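Asks: Here's a structure for you.
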Protein chains: 2
Amino acid sequence: MSVYREIARDLSRRIADGELAIGATLPPEADLAQSYDVARGTIRSALSALARAGVIVSRRGTGWVILSPLQDHGFGQLRSFAQWARSRGMVPGGRVVARAHGPARREEAERLRLERDAEVLRVVRMRSLDGTDVMLERTTYAPWVMDAVEGLDAETPSVTDGMDQAGIFAARTEHTIDAVAATSEDSRLLGVRRSSPLLRVLRVSQGRDGRTIEFADDRYLPGTVAFQMQSTMPSTPLTRAMA
Amino acid sequence: MSVYREIARDLSRRIADGELAIGATLPPEADLAQSYDVARGTIRSALSALARAGVIVSRRGTGWVILSPLQDHGFGQLRSFAQWARSRGMVPGGRVVARAHGPARREEAERLRLERDAEVLRVVRMRSLDGTDVMLERTTYAPWVMDAVEGLDAETPSVTDGMDQAGIFAARTEHTIDAVAATSEDSRLLGVRRSSPLLRVLRVSQGRDGRTIEFADDRYLPGTVAFQMQSTMPSTPLTRAMA
DNA sequence: GAGTGGTCTAGACCACCGA
DNA sequence: CGGTGGTCTAGACCACTCC
C-alpha cells in the first residue's frame with residue numbers, strides 16, 4: 001500500500017471517528033507533512049484522493065474543509081451488479097432468460113462501434129438480490145468477447161467476475177439513466193403491472209484497449225434499488241498533487 | 001490558465017481532431033514532457049485531469065490508452081438545472097408553484113442536519129425546457145439560506161445563479177436516483193396520468209463550509225431528460241479504494 | 001532487460017484570503 | 001502582511017509489462 005493511500009485512509013478514519021469534525025478545517029498541508037513525516041506532495045496526493053471522494057474541499061488561502069465521512073461505494077465506483085450487491089451485504093443472483101446470436105442492429109452497431117451486420121451475442125438475464133428478482137438485463141456483446149460470455153454458467157451470480165477471469169475488464173463505462181414504463185415482456189418477467197415505472201440504465205463498456213465490450217439495457221424494479229452518486233463542484237483541483 | 005490545463009486541453013483537442021486515435025497509446029510521459037518542455041509532474045497533472053474525465057486510462061508498464069474524446073458536461077459536472085439546460089442549448093424556465101415556512105419534519109431535519117422543528121422553507125417549482133414543463137422540484141431550504149431564496153424572483157430561471165450572487169455555493173451534492181409512480185399531485189402538475197413513471201432525483205447540497213444548504217426531490221418527465229455519467233474503473237491513479 | 005507508469009522527495013514561486 | 005493552497009521543477013527509485 002502506498003504511503004499517500006495510507007495517509008488518506010488514516011485521515012478518513014479520523015473523520016469518521018469524529019476526531020476531525022464535519023465543517024472543521026484540516027491542519028495545513030505543511031503541518032500534515034511534518035506530522036506524517038513525508039513531503040508535502042505526498043500529503044497533497046492523499047488530500048486529492050479524499051477530495052475526489054467528496055470528503056473534503058479546498059479553499060485557496062483558507063484550508064481544507066471537511067464535508068462528510070467517506071461514503072461506501074457510490075455509483076462512481078460501480079463495477080458490476082454483483083460487486084455492488086455484495087458491497088451492500090446482499091447476495092446477488094442471476095439466470096439467463098434468453099440467449100441468441102444475430103447480426104448487429106443499427107443502434108447496437110453504433111454503440112458497440114461495429115460494422116453493421118457484424119455477428120453479436122444477445123443475452124437477457126434476470127438479476128436478483130437475496131433471492132428476489134430486481135432487475136432485467138438485456139446485453140449485447142461485441143464479437144471478440146462472445147466466447148468468454150458463452151463459456152459462463154447460465155446461473156453465475158457475477159458475469160463480470162467470469163469475464164475478469166477471461167482477461168476482459170471494463171476500464172470505462174458510460175451510463176444513461178431514465179425512467180420507462182414496463183413493456184409487456186418486462187411486466188411478465190419482473191412480475192409487475194404493465195406501464196408501471198422502471199428505472200432504466202443504458203450502459204456501454206470499453207476495455208483497457210479502447211474496444212467496446214458490451215451494450216446493455218438494465219431495468220430495475222423501483223423501491224429495491226436506488227443509485228447514489230455525488231458531485232463535487234468547483235474548486236477541486238483538477239490535478240493530482242504530484243509535486 | 002495553468003500550464004497543465006493548457007496541455008490537457010491541447011491533448012484533448014488532438015484526440016477530438018483524430019490526430020490521436022481512440023484505442024491508440026499516447027507517447028510516453030517522458031516524451032510528452034520533452035515535447036511540451038515541462039517537467040514530468042506537469043505532464044502527469046494534465047494526464048490525470050484527462051483520466052478523471054474518462055478520456056484516457058493508464059496501464060502500468062504499457063502506457064496511456066485513449067478511450068474517448070472529451071464529453072460535454074455529464075452528471076458529474078451537474079451544478080444546476082439551468083446550467084445543465086444551457087449547456088445543452090436549451091432555455092431553462094421555472095415558476096414557483098407553492099412556498100411555505102414550517103418546522104422541519106423528521107426526514108428533512110436528518111438530511112439537512114438540523115434540530116427537529118427548526119424553521120425551514122419549502123418551495124415547489126415547476127421547471128421547464130424551451131417552454132415545456134419537464135420537472136417538478138420540491139426543495140427544503142436550511143434556515144441560513146431562507147432569506148436569500150425568498151429574495152429571488154418567483155420566475156427566475158436559475159435559482160442557483162441567484163444564490164451564487166448571495167454568496168451561497170454548493171461545494172458538494174449527493175444524488176440518489178430512482179423511479180417512482182406519479183402521485184395525484186404530480187400527475188396534475190406535470191400533466192401525466194397517475195402512476196405513470198417519473199425519474200426521481202433526491203439531492204442534498206452542502207456549502208464550502210460544510211453546512212447543508214438544501215434537500216430536494218426532483219421528478220422528471222421521462223423522455224425529456226436523461227442523465228448521463230461515466231465511471232472510470234480501476235487503475236486510475238488516486239481513485240482507488242481507500243477503505 | 002528495457003521501457004513504461006506509480007510514487008516520493010525537497011525544494012521554489014505564485015495567487016488568494018483574512019486580519 | 002503572514003499563512004494558506006496551487007503549480008512547477010528536477011531529480012530518484014520502484015513495480016509492472018512485454019519481448
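We label chains A, B, ... in the order they appear in the C-alpha cells, count residues from 1 in each chain, and number ligands from 1 in the order shown.
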With chain A laid on chain B by least squares, using all C-alpha atoms in order, how large is the RMSD?
Replies: 2.4 Å
Asks: Return the neighbours of chain B among the residues of chain A, cut-off 6 Å, counting only C-alpha atoms, as a ChimeraX atom specification.
Replies: /A:9,23,49,67,76,171-179,181,197-199,209-210,222,226-233,238-240,242
Asks: Please report as a list in words which residues of chain D come no farther than 8 Å from chain A, using only C-alpha atoms (C1' of nucleotides).
Replies: DG3, DT4, DG5, DG6 and DC8 of chain D
Asks: Could you check which of A:Ser2, A:Gln83, A:Thr139, A:Ser158 is closest to chain C, using only C-alpha atoms (C1' of nucleotides)?
Replies: A:Ser2
Asks: Compute the chain C side of the contact with chain A at 8 Å, counting only C-alpha atoms (C1' of nucleotides), and hand it back as JSON, numbers by chain.
Replies: {"C": [7, 8, 9, 10, 16, 17]}
Asks: Residues near segment 115-132 of chain A, anyone? I mean within 9 Å using only C-alpha atoms (C1' of nucleotides), not counting same-chain ones fewer than 2 positions away, as a PyMOL selection string.
Replies: chain A and resi 81-82+85+90-106+108-110+112-113+134-143+145-146+149-150+154+157+189-190+224
Asks: Just to be explicit: take each residue in the selection above, keep N, CA and C atoms, and write the result as a compact mmCIF listing (two decimals), in the first residue's frame.
Replies:
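Saved as selection31.txt:
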# COMPACT_ATOMS: atom_id res chain seq x y z
N PHE A 81 -23.11 -5.38 -11.15
CA PHE A 81 -24.26 -5.63 -10.31
C PHE A 81 -23.88 -6.46 -9.09
N ALA A 82 -23.13 -7.54 -9.34
CA ALA A 82 -22.80 -8.45 -8.24
C ALA A 82 -21.90 -7.79 -7.21
N ALA A 85 -23.88 -5.34 -5.23
CA ALA A 85 -24.74 -6.01 -4.26
C ALA A 85 -23.95 -6.47 -3.05
N MET A 90 -25.60 -7.79 0.30
CA MET A 90 -26.68 -8.62 -0.24
C MET A 90 -26.10 -9.70 -1.14
N VAL A 91 -26.88 -10.73 -1.35
CA VAL A 91 -26.42 -11.84 -2.17
C VAL A 91 -26.97 -11.70 -3.58
N PRO A 92 -26.10 -11.50 -4.55
CA PRO A 92 -26.55 -11.34 -5.93
C PRO A 92 -26.83 -12.68 -6.58
N GLY A 93 -27.80 -12.70 -7.47
CA GLY A 93 -28.08 -13.91 -8.23
C GLY A 93 -28.36 -13.53 -9.66
N GLY A 94 -28.38 -14.54 -10.53
CA GLY A 94 -28.67 -14.25 -11.92
C GLY A 94 -29.00 -15.52 -12.67
N ARG A 95 -29.86 -15.40 -13.65
CA ARG A 95 -30.12 -16.55 -14.52
C ARG A 95 -30.40 -16.05 -15.92
N VAL A 96 -29.96 -16.84 -16.87
CA VAL A 96 -30.16 -16.47 -18.26
C VAL A 96 -31.59 -16.77 -18.68
N VAL A 97 -32.25 -15.80 -19.21
CA VAL A 97 -33.64 -15.98 -19.66
C VAL A 97 -33.66 -16.31 -21.15
N ALA A 98 -32.75 -15.71 -21.88
CA ALA A 98 -32.69 -15.97 -23.31
C ALA A 98 -31.29 -15.66 -23.82
N ARG A 99 -30.91 -16.33 -24.88
CA ARG A 99 -29.59 -16.08 -25.45
C ARG A 99 -29.62 -16.39 -26.93
N ALA A 100 -29.12 -15.50 -27.75
CA ALA A 100 -29.18 -15.71 -29.19
C ALA A 100 -28.11 -14.91 -29.92
N HIS A 101 -27.67 -15.48 -31.04
CA HIS A 101 -26.76 -14.75 -31.92
C HIS A 101 -27.55 -14.03 -32.98
N GLY A 102 -26.91 -13.05 -33.57
CA GLY A 102 -27.58 -12.40 -34.68
C GLY A 102 -26.75 -11.25 -35.20
N PRO A 103 -27.11 -10.72 -36.33
CA PRO A 103 -26.40 -9.56 -36.87
C PRO A 103 -26.75 -8.31 -36.06
N ALA A 104 -25.78 -7.44 -35.91
CA ALA A 104 -26.00 -6.22 -35.12
C ALA A 104 -27.03 -5.33 -35.79
N ARG A 105 -27.95 -4.86 -34.98
CA ARG A 105 -28.91 -3.87 -35.48
C ARG A 105 -28.23 -2.51 -35.49
N ARG A 106 -28.91 -1.56 -36.09
CA ARG A 106 -28.26 -0.25 -36.26
C ARG A 106 -27.78 0.33 -34.93
N GLU A 108 -27.22 -1.07 -32.09
CA GLU A 108 -26.15 -1.87 -31.49
C GLU A 108 -24.82 -1.63 -32.19
N ALA A 109 -24.86 -1.59 -33.49
CA ALA A 109 -23.63 -1.38 -34.26
C ALA A 109 -23.01 -0.03 -33.90
N GLU A 110 -23.84 0.97 -33.77
CA GLU A 110 -23.32 2.30 -33.42
C GLU A 110 -22.71 2.31 -32.03
N LEU A 112 -21.69 -0.14 -30.17
CA LEU A 112 -20.53 -1.03 -29.99
C LEU A 112 -19.40 -0.66 -30.95
N ARG A 113 -19.65 0.31 -31.79
CA ARG A 113 -18.68 0.71 -32.82
C ARG A 113 -18.25 -0.49 -33.65
N VAL A 134 -34.91 -8.37 -9.12
CA VAL A 134 -34.99 -6.91 -9.07
C VAL A 134 -34.63 -6.22 -10.38
N MET A 135 -34.00 -6.95 -11.29
CA MET A 135 -33.53 -6.25 -12.48
C MET A 135 -33.50 -7.17 -13.70
N LEU A 136 -33.93 -6.61 -14.80
CA LEU A 136 -33.90 -7.34 -16.06
C LEU A 136 -32.84 -6.70 -16.94
N GLU A 137 -31.89 -7.53 -17.36
CA GLU A 137 -30.71 -7.01 -18.06
C GLU A 137 -30.67 -7.57 -19.48
N ARG A 138 -30.66 -6.67 -20.43
CA ARG A 138 -30.57 -7.11 -21.84
C ARG A 138 -29.24 -6.62 -22.39
N THR A 139 -28.35 -7.55 -22.64
CA THR A 139 -26.99 -7.17 -23.03
C THR A 139 -26.67 -7.65 -24.44
N THR A 140 -25.96 -6.80 -25.17
CA THR A 140 -25.44 -7.17 -26.47
C THR A 140 -23.92 -7.14 -26.39
N TYR A 141 -23.29 -8.26 -26.71
CA TYR A 141 -21.83 -8.37 -26.60
C TYR A 141 -21.15 -8.26 -27.95
N ALA A 142 -19.99 -7.60 -27.92
CA ALA A 142 -19.18 -7.48 -29.13
C ALA A 142 -18.61 -8.86 -29.49
N PRO A 143 -18.32 -9.06 -30.77
CA PRO A 143 -17.84 -10.38 -31.23
C PRO A 143 -16.64 -10.89 -30.45
N VAL A 145 -15.80 -10.79 -27.49
CA VAL A 145 -15.99 -11.31 -26.13
C VAL A 145 -17.04 -12.42 -26.08
N MET A 146 -17.64 -12.74 -27.22
CA MET A 146 -18.71 -13.73 -27.23
C MET A 146 -18.30 -15.06 -26.62
N VAL A 149 -18.25 -15.05 -22.88
CA VAL A 149 -19.58 -14.99 -22.29
C VAL A 149 -20.29 -16.34 -22.40
N GLU A 150 -20.11 -16.98 -23.55
CA GLU A 150 -20.78 -18.26 -23.74
C GLU A 150 -20.20 -19.36 -22.85
N ALA A 154 -24.90 -20.43 -16.83
CA ALA A 154 -26.12 -19.64 -17.02
C ALA A 154 -26.61 -19.05 -15.72
N PRO A 157 -23.63 -15.81 -10.61
CA PRO A 157 -24.10 -14.57 -9.98
C PRO A 157 -23.36 -13.35 -10.49
N LEU A 189 -41.89 -10.70 -16.92
CA LEU A 189 -40.69 -11.24 -16.28
C LEU A 189 -40.45 -10.67 -14.89
N LEU A 190 -40.74 -9.41 -14.72
CA LEU A 190 -40.47 -8.79 -13.43
C LEU A 190 -41.65 -8.90 -12.47
N THR A 224 -36.46 -1.19 -4.83
CA THR A 224 -35.48 -2.18 -4.42
C THR A 224 -34.07 -1.64 -4.53
Asks: Can you check which residues of segment 13-179 of chain A DSSP gives as helix (DSSP H, G or I) on the backbone and send them as a ChimeraX atom specification?
Replies: /A:13-16,29-36,40-52,75-77,81-87,106-112,143-150,159-165
